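**Student:** Sending over input.txt (compact mmCIF, C-alpha atoms and all ligand atoms).
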```txt
# COMPACT_ATOMS: atom_id res chain seq x y z
CA MET A 1 0.00 0.00 0.00
CA GLN A 2 1.24 3.49 -0.80
CA SER A 3 1.16 5.52 2.39
CA GLY A 4 2.03 8.97 3.64
CA ALA A 5 0.46 12.29 2.80
CA ILE A 6 0.77 12.87 -0.92
CA ARG A 7 2.16 16.09 -2.34
CA PRO A 8 -0.34 16.97 -5.06
CA LEU A 9 1.03 17.82 -8.50
CA THR A 10 1.50 21.52 -9.14
CA ASN A 11 -1.64 23.09 -10.57
CA MET A 12 -1.45 24.39 -14.12
CA LEU A 13 -2.38 27.81 -12.73
CA PRO A 14 -0.31 28.49 -9.59
CA ARG A 15 -2.27 29.19 -6.40
CA ASN A 16 -1.71 32.53 -4.71
CA LEU A 17 -3.64 32.29 -1.42
CA PHE A 18 -0.81 31.31 0.91
CA SER A 19 2.23 32.93 2.53
CA GLU A 20 5.34 31.35 4.09
CA GLU A 21 3.60 31.35 7.46
CA HIS A 22 0.82 29.26 5.97
CA ASP A 23 3.36 26.90 4.48
CA ALA A 24 4.98 26.39 7.88
CA PHE A 25 1.58 25.64 9.43
CA ARG A 26 0.86 23.22 6.57
CA GLU A 27 4.09 21.37 7.37
CA THR A 28 3.02 20.97 11.02
CA VAL A 29 -0.36 19.59 9.96
CA ARG A 30 1.25 17.28 7.41
CA LYS A 31 3.61 15.84 10.03
CA PHE A 32 0.71 15.32 12.43
CA TYR A 33 -1.17 13.29 9.82
CA GLU A 34 1.96 11.33 8.89
CA LYS A 35 2.89 10.51 12.46
CA GLU A 36 -0.42 10.25 14.29
CA VAL A 37 -3.14 9.46 11.78
CA ILE A 38 -1.96 7.59 8.67
CA PRO A 39 -0.35 4.68 10.61
CA ASN A 40 -3.63 4.21 12.52
CA ILE A 41 -6.25 4.51 9.78
CA GLU A 42 -6.89 0.75 9.61
CA LYS A 43 -7.30 0.61 13.38
CA TYR A 44 -9.74 3.54 13.30
CA GLU A 45 -11.70 1.81 10.57
CA LYS A 46 -11.99 -1.37 12.64
CA GLN A 47 -13.15 0.43 15.79
CA GLN A 48 -15.22 2.94 13.72
CA HIS A 49 -13.79 5.99 15.43
CA VAL A 50 -10.41 7.57 16.14
CA ASP A 51 -8.69 7.15 19.51
CA ARG A 52 -9.96 9.69 22.01
CA ASP A 53 -6.47 10.96 22.76
CA LEU A 54 -5.93 11.95 19.11
CA TRP A 55 -8.15 14.94 19.91
CA ASN A 56 -5.85 15.96 22.78
CA LYS A 57 -2.78 15.59 20.56
CA ALA A 58 -4.39 17.77 17.90
CA GLY A 59 -5.32 20.31 20.59
CA ASP A 60 -1.77 20.37 21.96
CA LEU A 61 -0.46 21.26 18.48
CA GLY A 62 -2.99 24.06 18.01
CA LEU A 63 -4.86 22.20 15.27
CA LEU A 64 -8.32 22.62 16.84
CA CYS A 65 -10.40 25.82 16.74
CA ALA A 66 -7.41 27.83 15.42
CA THR A 67 -9.73 30.53 14.02
CA MET A 68 -11.23 31.26 17.45
CA PRO A 69 -9.98 34.32 19.37
CA GLU A 70 -6.95 33.87 21.62
CA GLU A 71 -8.98 34.68 24.74
CA TYR A 72 -10.99 31.51 24.02
CA GLY A 73 -8.02 29.23 23.34
CA GLY A 74 -7.63 29.74 19.59
CA TYR A 75 -5.05 31.69 17.59
CA GLY A 76 -7.40 34.26 16.03
CA VAL A 77 -6.19 33.30 12.53
CA ASN A 78 -8.33 33.47 9.42
CA ARG A 79 -10.07 30.63 7.61
CA LEU A 80 -7.11 29.92 5.33
CA TYR A 81 -5.80 27.93 8.29
CA SER A 82 -8.97 25.84 8.24
CA MET A 83 -8.46 25.35 4.53
CA ILE A 84 -4.92 24.07 5.12
CA LEU A 85 -6.07 21.66 7.82
CA ILE A 86 -8.76 20.23 5.58
CA GLU A 87 -6.47 20.00 2.56
CA GLU A 88 -3.84 18.12 4.54
CA GLN A 89 -6.46 15.69 5.83
CA ALA A 90 -7.45 15.03 2.21
CA TYR A 91 -3.84 14.73 1.00
CA ALA A 92 -3.35 12.13 3.76
CA MET A 93 -6.42 10.40 2.24
CA ASP A 94 -7.92 10.25 5.71
CA SER A 95 -11.64 10.38 6.39
CA SER A 96 -11.48 9.39 10.06
CA THR A 97 -10.81 12.69 11.78
CA GLY A 98 -13.88 14.85 12.46
CA PHE A 99 -11.87 17.92 13.45
CA SER A 100 -13.36 20.28 10.90
CA LEU A 101 -16.94 19.76 12.06
CA HIS A 102 -15.81 20.56 15.61
CA SER A 103 -13.54 23.54 14.77
CA ASP A 104 -15.23 25.05 11.73
CA ILE A 105 -18.92 24.41 12.41
CA VAL A 106 -19.69 23.84 16.10
CA ALA A 107 -17.15 26.42 17.31
CA ASN A 108 -18.65 29.04 14.99
CA TYR A 109 -22.13 28.56 16.45
CA ILE A 110 -20.78 29.09 19.94
CA HIS A 111 -18.63 32.00 18.89
CA ASN A 112 -21.35 33.71 16.85
CA PHE A 113 -24.28 33.19 19.19
CA GLY A 114 -22.99 32.14 22.61
CA ASN A 115 -22.72 34.51 25.57
CA HIS A 116 -19.35 35.19 27.22
CA GLU A 117 -19.73 32.35 29.75
CA GLN A 118 -20.61 29.83 27.06
CA LYS A 119 -17.66 30.91 24.91
CA GLN A 120 -15.27 30.89 27.85
CA LYS A 121 -16.34 27.45 28.94
CA TRP A 122 -16.78 25.60 25.66
CA LEU A 123 -14.38 27.16 23.17
CA THR A 124 -11.41 26.87 25.52
CA GLN A 125 -12.10 23.17 26.16
CA MET A 126 -12.73 22.56 22.47
CA ALA A 127 -9.43 24.15 21.44
CA SER A 128 -7.47 21.93 23.82
CA GLY A 129 -9.26 18.75 22.77
CA GLU A 130 -10.66 18.28 26.27
CA THR A 131 -14.16 18.47 24.82
CA VAL A 132 -15.21 16.79 21.57
CA THR A 133 -18.32 18.23 19.96
CA ALA A 134 -21.05 17.41 17.46
CA ILE A 135 -24.05 19.12 15.90
CA ALA A 136 -27.31 17.18 15.73
CA MET A 137 -29.84 18.30 13.15
CA THR A 138 -30.81 15.20 11.17
CA GLU A 139 -33.47 12.83 12.51
CA PRO A 140 -34.72 9.45 11.31
CA GLY A 141 -37.75 11.22 9.83
CA THR A 142 -36.08 14.29 8.37
CA GLY A 143 -32.80 15.49 6.88
CA SER A 144 -33.11 17.93 3.99
CA ASP A 145 -36.31 19.41 5.44
CA LEU A 146 -35.00 20.83 8.69
CA GLN A 147 -38.28 22.50 9.57
CA ALA A 148 -39.79 19.04 10.09
CA VAL A 149 -37.57 18.36 13.14
CA ARG A 150 -39.56 16.55 15.86
CA THR A 151 -37.16 16.59 18.81
CA THR A 152 -38.75 18.85 21.41
CA ALA A 153 -37.39 21.00 24.22
CA VAL A 154 -40.10 22.06 26.65
CA LEU A 155 -39.40 24.66 29.31
CA ASP A 156 -40.10 23.51 32.88
CA GLY A 157 -39.10 26.24 35.34
CA ASP A 158 -35.41 26.92 34.74
CA GLU A 159 -34.83 23.78 32.71
CA TYR A 160 -35.58 22.42 29.25
CA ILE A 161 -36.78 18.83 28.99
CA ILE A 162 -35.59 17.32 25.71
CA ASN A 163 -37.15 14.33 23.97
CA GLY A 164 -36.39 12.83 20.57
CA SER A 165 -33.60 11.24 18.56
CA LYS A 166 -31.00 12.20 15.98
CA ILE A 167 -29.23 10.13 13.34
CA PHE A 168 -25.99 10.23 11.27
CA ILE A 169 -24.25 12.47 13.80
CA THR A 170 -20.54 12.99 13.10
CA ASN A 171 -18.38 12.79 16.26
CA GLY A 172 -21.53 11.51 17.99
CA TYR A 173 -19.92 8.48 19.64
CA LEU A 174 -16.98 10.34 21.21
CA CYS A 175 -18.71 13.66 21.79
CA ASP A 176 -18.71 15.28 25.23
CA MET A 177 -21.11 17.98 24.11
CA VAL A 178 -23.61 18.28 21.28
CA ILE A 179 -25.60 21.21 19.96
CA VAL A 180 -29.11 19.87 19.41
CA VAL A 181 -31.64 21.39 17.02
CA CYS A 182 -34.93 21.25 18.93
CA LYS A 183 -38.46 22.43 18.44
CA THR A 184 -39.27 24.87 21.23
CA GLY A 185 -42.32 26.69 19.96
CA GLN A 186 -45.85 26.12 18.69
CA GLU A 187 -46.38 23.60 15.86
CA ASP A 188 -47.66 26.21 13.38
CA LYS A 189 -44.67 28.55 13.61
CA GLY A 190 -42.50 26.70 11.01
CA SER A 191 -38.84 27.65 11.19
CA ALA A 192 -39.55 30.05 14.09
CA ASN A 193 -39.99 26.92 16.22
CA LEU A 194 -36.37 25.90 16.15
CA SER A 195 -33.75 26.53 18.84
CA LEU A 196 -30.19 25.35 19.42
CA ILE A 197 -29.55 23.82 22.83
CA ILE A 198 -26.25 22.63 24.27
CA VAL A 199 -26.44 19.14 25.77
CA GLU A 200 -23.54 17.68 27.78
CA ALA A 201 -22.99 13.97 27.14
CA ASP A 202 -23.27 13.08 30.85
CA ARG A 203 -26.83 14.38 31.23
CA VAL A 204 -29.28 11.80 32.59
CA GLY A 205 -31.51 10.44 29.81
CA PHE A 206 -29.00 11.14 27.03
CA SER A 207 -27.59 8.06 25.26
CA LYS A 208 -25.57 7.20 22.18
CA GLY A 209 -26.08 4.36 19.71
CA LYS A 210 -23.23 2.22 18.41
CA PRO A 211 -21.21 3.73 15.55
CA LEU A 212 -23.24 3.28 12.36
CA ASN A 213 -22.11 0.74 9.77
CA LYS A 214 -21.39 3.02 6.81
CA ILE A 215 -20.20 1.88 3.37
CA GLY A 216 -17.21 4.24 3.57
CA MET A 217 -15.57 6.77 5.90
CA LYS A 218 -15.46 3.81 8.25
CA GLY A 219 -13.02 5.35 10.69
CA GLN A 220 -15.20 8.41 11.17
CA ASP A 221 -17.42 8.35 14.20
CA THR A 222 -21.07 8.58 13.09
CA CYS A 223 -23.94 7.50 15.34
CA GLU A 224 -27.47 7.93 16.60
CA LEU A 225 -28.26 10.02 19.68
CA PHE A 226 -31.28 9.53 21.96
CA PHE A 227 -32.89 12.05 24.31
CA ASN A 228 -35.28 10.68 26.90
CA ASP A 229 -36.53 13.40 29.27
CA VAL A 230 -33.07 14.98 29.27
CA ARG A 231 -33.05 18.00 31.57
CA VAL A 232 -30.63 20.85 30.85
CA PRO A 233 -30.58 24.32 32.43
CA LYS A 234 -32.17 27.15 30.48
CA ALA A 235 -28.67 28.67 30.37
CA ASN A 236 -27.76 25.97 27.81
CA LEU A 237 -29.84 27.74 25.17
CA LEU A 238 -27.61 29.18 22.45
CA GLY A 239 -28.72 32.62 21.32
CA MET A 240 -32.44 33.26 21.45
CA GLU A 241 -35.33 30.83 21.50
CA GLY A 242 -36.91 30.39 18.06
CA MET A 243 -33.84 31.77 16.24
CA GLY A 244 -32.28 28.35 15.54
CA PHE A 245 -33.06 28.33 11.83
CA MET A 246 -31.61 31.80 11.34
CA MET A 247 -28.47 30.78 13.27
CA LEU A 248 -28.06 27.65 11.14
CA MET A 249 -28.32 29.77 7.98
CA LYS A 250 -25.56 32.21 8.95
CA GLU A 251 -22.61 29.94 8.23
CA LEU A 252 -24.18 27.76 5.56
CA ALA A 253 -21.98 29.13 2.76
CA TRP A 254 -18.88 28.30 4.80
CA GLU A 255 -20.16 24.83 5.67
CA ARG A 256 -20.60 24.09 1.96
CA MET A 257 -17.11 25.42 1.32
CA LEU A 258 -15.70 22.92 3.84
CA VAL A 259 -17.03 20.05 1.73
CA ALA A 260 -15.83 21.67 -1.50
CA ILE A 261 -12.34 22.07 -0.01
CA ILE A 262 -12.07 18.44 1.06
CA CYS A 263 -13.37 17.22 -2.31
CA GLN A 264 -10.98 19.41 -4.28
CA ALA A 265 -7.96 18.27 -2.28
CA GLY A 266 -9.23 14.68 -2.33
CA ALA A 267 -9.42 14.78 -6.14
CA GLU A 268 -5.89 16.22 -6.33
CA ALA A 269 -4.59 13.43 -4.06
CA ALA A 270 -6.36 10.67 -6.02
CA PHE A 271 -5.02 12.13 -9.25
CA ALA A 272 -1.42 12.34 -7.98
CA HIS A 273 -1.55 8.71 -6.80
CA THR A 274 -2.89 7.64 -10.17
CA VAL A 275 -0.27 9.48 -12.21
CA GLN A 276 2.39 7.68 -10.19
CA TYR A 277 0.63 4.32 -10.47
CA THR A 278 0.28 4.54 -14.26
CA LYS A 279 3.99 5.34 -14.55
CA ASP A 280 4.95 2.31 -12.43
CA ARG A 281 2.51 -0.27 -13.83
CA LYS A 282 3.47 -2.07 -17.04
CA ALA A 283 1.34 -3.81 -19.68
CA PHE A 284 2.36 -5.01 -23.13
CA GLY A 285 5.96 -4.12 -22.25
CA LYS A 286 5.19 -0.43 -21.62
CA SER A 287 4.05 1.80 -18.78
CA ILE A 288 0.26 2.16 -18.63
CA SER A 289 0.94 5.91 -18.74
CA SER A 290 2.25 5.64 -22.30
CA PHE A 291 -1.10 4.57 -23.77
CA GLN A 292 -2.97 7.35 -25.48
CA ASN A 293 -6.15 6.51 -23.55
CA THR A 294 -4.33 6.95 -20.24
CA ARG A 295 -2.69 10.20 -21.29
CA PHE A 296 -5.94 11.68 -22.61
CA LYS A 297 -7.93 10.58 -19.55
CA LEU A 298 -5.34 12.10 -17.22
CA ALA A 299 -5.26 15.29 -19.31
CA GLU A 300 -9.05 15.57 -19.10
CA LEU A 301 -9.04 14.99 -15.33
CA ARG A 302 -6.15 17.43 -14.81
CA THR A 303 -8.12 20.09 -16.67
CA GLU A 304 -11.32 19.51 -14.68
CA ILE A 305 -9.45 19.49 -11.37
CA ASP A 306 -7.65 22.73 -12.17
CA PHE A 307 -10.81 24.50 -13.36
CA CYS A 308 -12.48 23.60 -10.07
CA ARG A 309 -9.39 24.72 -8.13
CA SER A 310 -9.55 28.19 -9.66
CA TYR A 311 -13.26 28.53 -8.85
CA LEU A 312 -12.76 27.27 -5.31
CA ASP A 313 -9.81 29.54 -4.52
CA ARG A 314 -11.80 32.52 -5.85
CA CYS A 315 -14.71 31.51 -3.58
CA MET A 316 -12.22 31.35 -0.71
CA GLU A 317 -11.08 34.91 -1.40
CA LEU A 318 -14.70 36.03 -1.28
CA GLN A 319 -15.23 34.01 1.89
CA LEU A 320 -12.31 35.77 3.56
CA ASP A 321 -13.91 39.11 2.58
CA GLU A 322 -17.22 37.80 4.03
CA ASN A 323 -18.72 38.28 0.60
CA LEU A 324 -19.39 34.73 -0.59
CA GLY A 325 -22.96 34.21 -1.80
CA ILE A 326 -25.06 31.17 -0.88
CA ASP A 327 -25.45 30.33 -4.59
CA ALA A 328 -21.71 30.45 -5.32
CA ALA A 329 -20.95 28.26 -2.29
CA ALA A 330 -23.72 25.83 -3.27
CA ALA A 331 -22.23 25.64 -6.78
CA ALA A 332 -18.77 24.92 -5.34
CA LYS A 333 -20.14 22.14 -3.12
CA TYR A 334 -22.20 20.52 -5.88
CA LYS A 335 -19.75 20.84 -8.75
CA ILE A 336 -16.59 19.91 -6.85
CA SER A 337 -18.13 16.92 -5.06
CA ASP A 338 -19.44 15.68 -8.45
CA MET A 339 -16.00 16.26 -9.95
CA PHE A 340 -14.37 14.29 -7.10
CA SER A 341 -16.70 11.33 -7.73
CA LYS A 342 -15.84 11.38 -11.42
CA VAL A 343 -12.09 11.65 -10.73
CA VAL A 344 -11.99 8.70 -8.31
CA ASP A 345 -14.05 6.59 -10.69
CA GLU A 346 -11.74 7.26 -13.66
CA CYS A 347 -8.63 6.90 -11.48
CA LEU A 348 -9.84 3.57 -10.11
CA GLN A 349 -10.34 2.35 -13.69
CA LEU A 350 -6.73 3.25 -14.51
CA HIS A 351 -5.61 1.08 -11.56
CA GLY A 352 -7.31 -1.99 -13.05
CA GLY A 353 -8.08 -4.76 -10.53
CA TYR A 354 -5.76 -3.25 -7.93
CA GLY A 355 -8.07 -0.26 -7.76
CA TYR A 356 -10.73 -2.58 -6.38
CA MET A 357 -8.49 -3.71 -3.51
CA MET A 358 -8.71 -1.91 -0.19
CA GLU A 359 -4.91 -1.81 0.23
CA TYR A 360 -4.81 0.82 -2.51
CA PRO A 361 -5.63 4.39 -1.48
CA ILE A 362 -7.76 4.86 -4.59
CA ALA A 363 -10.17 2.16 -3.38
CA ARG A 364 -10.74 3.95 -0.09
CA ALA A 365 -11.09 7.29 -1.87
CA TYR A 366 -13.69 5.73 -4.15
CA ILE A 367 -15.98 4.65 -1.33
CA ASP A 368 -15.24 7.53 1.03
CA ASN A 369 -16.00 10.25 -1.50
CA ARG A 370 -19.62 9.24 -1.95
CA ALA A 371 -20.98 10.89 1.20
CA ASN A 372 -19.87 14.32 0.04
CA ARG A 373 -22.75 14.53 -2.43
CA ILE A 374 -25.19 13.81 0.44
CA TYR A 375 -24.22 15.68 3.60
CA ALA A 376 -24.00 19.44 4.23
CA GLY A 377 -27.13 19.66 2.06
CA THR A 378 -27.55 17.15 -0.78
CA ASN A 379 -26.42 18.17 -4.25
CA GLU A 380 -30.08 18.31 -5.30
CA ILE A 381 -30.71 20.90 -2.57
CA MET A 382 -27.62 22.79 -3.84
CA LYS A 383 -29.23 22.97 -7.29
CA GLU A 384 -32.44 24.26 -5.68
CA LEU A 385 -30.45 27.06 -4.06
CA ILE A 386 -28.62 27.95 -7.26
CA SER A 387 -31.87 27.99 -9.24
CA ARG A 388 -33.46 30.35 -6.70
CA SER A 389 -30.82 32.96 -7.52
CA LEU A 390 -31.68 32.96 -11.24
C1 LIG A 401 -21.48 10.35 6.77
C2 LIG A 401 -22.58 11.30 7.17
C3 LIG A 401 -22.35 12.23 8.17
C4 LIG A 401 -23.36 13.11 8.56
N1 LIG A 401 -23.14 13.98 9.61
C5 LIG A 401 -24.19 14.71 10.09
C6 LIG A 401 -24.03 15.51 11.27
O1 LIG A 401 -22.96 15.60 11.85
N2 LIG A 401 -25.12 16.17 11.75
C7 LIG A 401 -26.34 16.10 11.14
O2 LIG A 401 -27.28 16.73 11.62
N3 LIG A 401 -26.52 15.37 10.01
C8 LIG A 401 -25.47 14.67 9.48
N4 LIG A 401 -25.65 13.90 8.35
C9 LIG A 401 -26.95 13.84 7.73
C10 LIG A 401 -27.03 14.54 6.39
O3 LIG A 401 -26.90 15.93 6.54
C11 LIG A 401 -28.37 14.13 5.72
O4 LIG A 401 -28.24 12.76 5.40
C12 LIG A 401 -28.68 14.94 4.49
O5 LIG A 401 -29.02 16.27 4.85
C13 LIG A 401 -29.86 14.36 3.69
O6 LIG A 401 -30.96 14.11 4.53
P1 LIG A 401 -31.66 12.65 4.48
O7 LIG A 401 -30.61 11.63 4.65
O8 LIG A 401 -32.79 12.66 5.43
O9 LIG A 401 -32.21 12.53 3.01
P2 LIG A 401 -33.64 13.11 2.41
O10 LIG A 401 -33.80 14.47 2.89
O11 LIG A 401 -34.65 12.07 2.84
O12 LIG A 401 -33.35 13.03 0.91
C14 LIG A 401 -33.50 11.83 0.10
C15 LIG A 401 -33.35 12.24 -1.38
O13 LIG A 401 -34.39 13.18 -1.70
C16 LIG A 401 -33.80 14.34 -2.25
N5 LIG A 401 -34.57 15.54 -1.89
C17 LIG A 401 -35.00 15.91 -0.65
N6 LIG A 401 -35.64 17.09 -0.72
C18 LIG A 401 -35.58 17.49 -2.01
C19 LIG A 401 -36.05 18.63 -2.72
N7 LIG A 401 -36.69 19.63 -2.11
N8 LIG A 401 -35.83 18.70 -4.06
C20 LIG A 401 -35.18 17.69 -4.71
N9 LIG A 401 -34.71 16.60 -4.09
C21 LIG A 401 -34.91 16.50 -2.76
C22 LIG A 401 -32.41 14.42 -1.68
O14 LIG A 401 -31.56 15.21 -2.48
C23 LIG A 401 -32.02 12.94 -1.67
O15 LIG A 401 -31.55 12.58 -2.95
C24 LIG A 401 -24.63 13.05 7.91
C25 LIG A 401 -24.83 12.13 6.86
C26 LIG A 401 -23.83 11.27 6.49
C27 LIG A 401 -24.08 10.30 5.37
```
Take the structure from the file and write it as structure tokens.
**Tutor:**
Amino acid sequence: MQSGAIRPLTNMLPRNLFSEEHDAFRETVRKFYEKEVIPNIEKYEKQQHVDRDLWNKAGDLGLLCATMPEEYGGYGVNRLYSMILIEEQAYAMDSSTGFSLHSDIVANYIHNFGNHEQKQKWLTQMASGETVTAIAMTEPGTGSDLQAVRTTAVLDGDEYIINGSKIFITNGYLCDMVIVVCKTGQEDKGSANLSLIIVEADRVGFSKGKPLNKIGMKGQDTCELFFNDVRVPKANLLGMEGMGFMMLMKELAWERMLVAIICQAGAEAAFAHTVQYTKDRKAFGKSISSFQNTRFKLAELRTEIDFCRSYLDRCMELQLDENLGIDAAAAAKYKISDMFSKVVDECLQLHGGYGYMMEYPIARAYIDNRANRIYAGTNEIMKELISRSL
């Protein structure tokens, strides 16, 4: 098996987002994946989650919640650092670590809508890896249609009583805290019913299912969560009651970008592996790479990958200026995750039978990539959003 984080081939159009400081950070992340993650991927896949202490190691190196302010344990850096972290995960061809959901999604909800006490308590523990977090929106009965959430939080004096269940929750099995999307208001209020409530994993009545048996991303912790008369103090409400939907909308463009970034880097990694493989593998006395079909296929893929790279990096510039539209982010998520699926399919074909064997990174990339077209809003929902802007 080829192992180690792959250095992707240089893009036809050079990238211009990063400085030397970014490159140094990238090196730290790369070493972390090489030393701590890549040697353990098979173990994570067997146990269906990473080791708990991997979170502490990542925290010690400053790889968690880096974009959060220093007073809350982060480094106050911009989202290019998140981009680097995600890219290096993809270049390591790892799908086990759920750091980005914790650092780039959950932390933002707390930072954007939490009060000082909530930020002080949670962000600091999240940055060190002491607390692992998840966000629970999806339920057995609803995913794309968030307004149909049935989990309820009913106020009883100074406490909410939560009842319901959630499914497909990333980091769910190891989480110490989860932000739960609950219905708090009257049935007829639609999205104005929804609130975000922090639930600590040791609350009475809260339980976790076993890690779910997914077709890919097997090392990533994904499970069901159950809430049976779980009592939490009213102070665990994030932001204002009934504002949950609005809060979820605020960072949606960024959340779609996270998937686009991992897919783009994943496609670059799969492509680089395949270029090397076709040079090494011989048939009819020649390298596979010398056949016109191989060269043309690789040229086509190279072109598609680089076109997507330019679009994505431009979206990232707009994101940094806080000017990225929902439609542009939806287009990045849909197009780049589709492109990734196409790239891994073509690359697997160029590996022949070895591409179908799990020892080869392309096989894992092939099955792992599939979820990207489903989560963070399905690609069909992305097309809905794009069409609404027309
Ligand atoms: C590996 C993994 C990790 C996940 N992690 C999390 C997590 O951490 N937290 C969390 O809350 N959720 C998570 N999810 C859930 C994920 O966000 C949902 O699966 C996704 O939103 C789709 O919802 P659904 O599965 O209920 O599908 P449905 O909503 O039932 O969709 C089924 C099909 O119908 C289509 N469809 C639905 N509505 C429309 C429409 N209006 N127009 C056209 N087509 C439509 C969809 O595109 C899809 O093809 C995860 C899922 C996976 C697979």
**Student:** Enumerate, in order of chain and increasing residue number, the residues of chain A with an atom no farther than 6 Å from ligand LIG 401 (chain A), each with its shortest atom pair and distance in Å to one decimal, counting all atoms listed in the file, as JSON lines.
**Tutor:**
```
{"residue": "A:Ile135", "atom": "CA", "partner": "A:LIG401", "partner_atom": "N2", "distance": 5.2}
{"residue": "A:Ala136", "atom": "CA", "partner": "A:LIG401", "partner_atom": "O2", "distance": 4.1}
{"residue": "A:Met137", "atom": "CA", "partner": "A:LIG401", "partner_atom": "O2", "distance": 3.4}
{"residue": "A:Thr138", "atom": "CA", "partner": "A:LIG401", "partner_atom": "O2", "distance": 3.9}
{"residue": "A:Thr142", "atom": "CA", "partner": "A:LIG401", "partner_atom": "O8", "distance": 4.7}
{"residue": "A:Gly143", "atom": "CA", "partner": "A:LIG401", "partner_atom": "O8", "distance": 3.2}
{"residue": "A:Ser144", "atom": "CA", "partner": "A:LIG401", "partner_atom": "O10", "distance": 3.7}
{"residue": "A:Phe168", "atom": "CA", "partner": "A:LIG401", "partner_atom": "C24", "distance": 4.6}
{"residue": "A:Ile169", "atom": "CA", "partner": "A:LIG401", "partner_atom": "O1", "distance": 3.9}
{"residue": "A:Thr170", "atom": "CA", "partner": "A:LIG401", "partner_atom": "O1", "distance": 3.8}
{"residue": "A:Ala371", "atom": "CA", "partner": "A:LIG401", "partner_atom": "C27", "distance": 5.2}
{"residue": "A:Ile374", "atom": "CA", "partner": "A:LIG401", "partner_atom": "C12", "distance": 5.5}
{"residue": "A:Tyr375", "atom": "CA", "partner": "A:LIG401", "partner_atom": "O3", "distance": 4.0}
{"residue": "A:Ala376", "atom": "CA", "partner": "A:LIG401", "partner_atom": "O3", "distance": 5.1}
{"residue": "A:Gly377", "atom": "CA", "partner": "A:LIG401", "partner_atom": "O5", "distance": 4.8}
{"residue": "A:Thr378", "atom": "CA", "partner": "A:LIG401", "partner_atom": "O14", "distance": 4.8}
{"residue": "A:Glu380", "atom": "CA", "partner": "A:LIG401", "partner_atom": "O14", "distance": 4.4}
{"residue": "A:Ile381", "atom": "CA", "partner": "A:LIG401", "partner_atom": "O14", "distance": 5.8}
```
**Student:** Take the residues from that selection and put them in a file with C-alpha atoms, as a PDB file, in the frame of the given file.
**Tutor:**
```pdb
ATOM      1  CA  ILE A 135     -24.050  19.120  15.900  1.00  0.00           C
ATOM      2  CA  ALA A 136     -27.310  17.180  15.730  1.00  0.00           C
ATOM      3  CA  MET A 137     -29.840  18.300  13.150  1.00  0.00           C
ATOM      4  CA  THR A 138     -30.810  15.200  11.170  1.00  0.00           C
ATOM      5  CA  THR A 142     -36.080  14.290   8.370  1.00  0.00           C
ATOM      6  CA  GLY A 143     -32.800  15.490   6.880  1.00  0.00           C
ATOM      7  CA  SER A 144     -33.110  17.930   3.990  1.00  0.00           C
ATOM      8  CA  PHE A 168     -25.990  10.230  11.270  1.00  0.00           C
ATOM      9  CA  ILE A 169     -24.250  12.470  13.800  1.00  0.00           C
ATOM     10  CA  THR A 170     -20.540  12.990  13.100  1.00  0.00           C
ATOM     11  CA  ALA A 371     -20.980  10.890   1.200  1.00  0.00           C
ATOM     12  CA  ILE A 374     -25.190  13.810   0.440  1.00  0.00           C
ATOM     13  CA  TYR A 375     -24.220  15.680   3.600  1.00  0.00           C
ATOM     14  CA  ALA A 376     -24.000  19.440   4.230  1.00  0.00           C
ATOM     15  CA  GLY A 377     -27.130  19.660   2.060  1.00  0.00           C
ATOM     16  CA  THR A 378     -27.550  17.150  -0.780  1.00  0.00           C
ATOM     17  CA  GLU A 380     -30.080  18.310  -5.300  1.00  0.00           C
ATOM     18  CA  ILE A 381     -30.710  20.900  -2.570  1.00  0.00           C
TER      19      ILE A 381
END
```
**Student:** For A:Lys166, find every residue with an atom within 10 Å (counting all atoms listed in the file), except residues of its own chain fewer than 5 positions away, and show them as a compact mmCIF listing (two decimals) with C-alpha atoms, in the frame of the given file.
**Tutor:**
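As written to disk, selection-v4.txt reads:
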```txt
# COMPACT_ATOMS: atom_id res chain seq x y z
CA ILE A 135 -24.05 19.12 15.90
CA ALA A 136 -27.31 17.18 15.73
CA MET A 137 -29.84 18.30 13.15
CA THR A 138 -30.81 15.20 11.17
CA GLU A 139 -33.47 12.83 12.51
CA PRO A 140 -34.72 9.45 11.31
CA GLY A 141 -37.75 11.22 9.83
CA THR A 142 -36.08 14.29 8.37
CA GLY A 143 -32.80 15.49 6.88
CA VAL A 149 -37.57 18.36 13.14
CA ARG A 150 -39.56 16.55 15.86
CA THR A 151 -37.16 16.59 18.81
CA GLY A 172 -21.53 11.51 17.99
CA VAL A 180 -29.11 19.87 19.41
CA VAL A 181 -31.64 21.39 17.02
CA LYS A 208 -25.57 7.20 22.18
CA GLY A 209 -26.08 4.36 19.71
CA CYS A 223 -23.94 7.50 15.34
CA GLU A 224 -27.47 7.93 16.60
CA LEU A 225 -28.26 10.02 19.68
CA PHE A 226 -31.28 9.53 21.96
CA PHE A 227 -32.89 12.05 24.31
```
**Student:** To one decimal place, how far is atom CA of A:Cys347 from atom CA of A:Ile84 in Å?
**Tutor:**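 For atom CA of A:Cys347 relative to atom CA of A:Ile84, the distance reads 24.2 Å.
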**Student:** When distances are computed from all atoms listed in the file, which of A:Gly185, A:Gly98, A:Pro211, A:Gly205 shows the smallest separation from A:Ala58?
**Tutor:**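 Looking at the shortest contact to A:Ala58, the residue is A:Gly98.
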**Student:** Counting all atoms listed in the file, figure out which residue out of A:His111, A:Gln47, A:Val37, A:Met126 gets nearest to A:Gly73.
**Tutor:**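 The shortest atom-to-atom distance to A:Gly73 comes from A:Met126.
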**Student:** Please report the interatomic distance between atom CA of A:Gln89 and atom CA of A:Thr124 in Å with one decimal.
**Tutor:** 23.2 Å
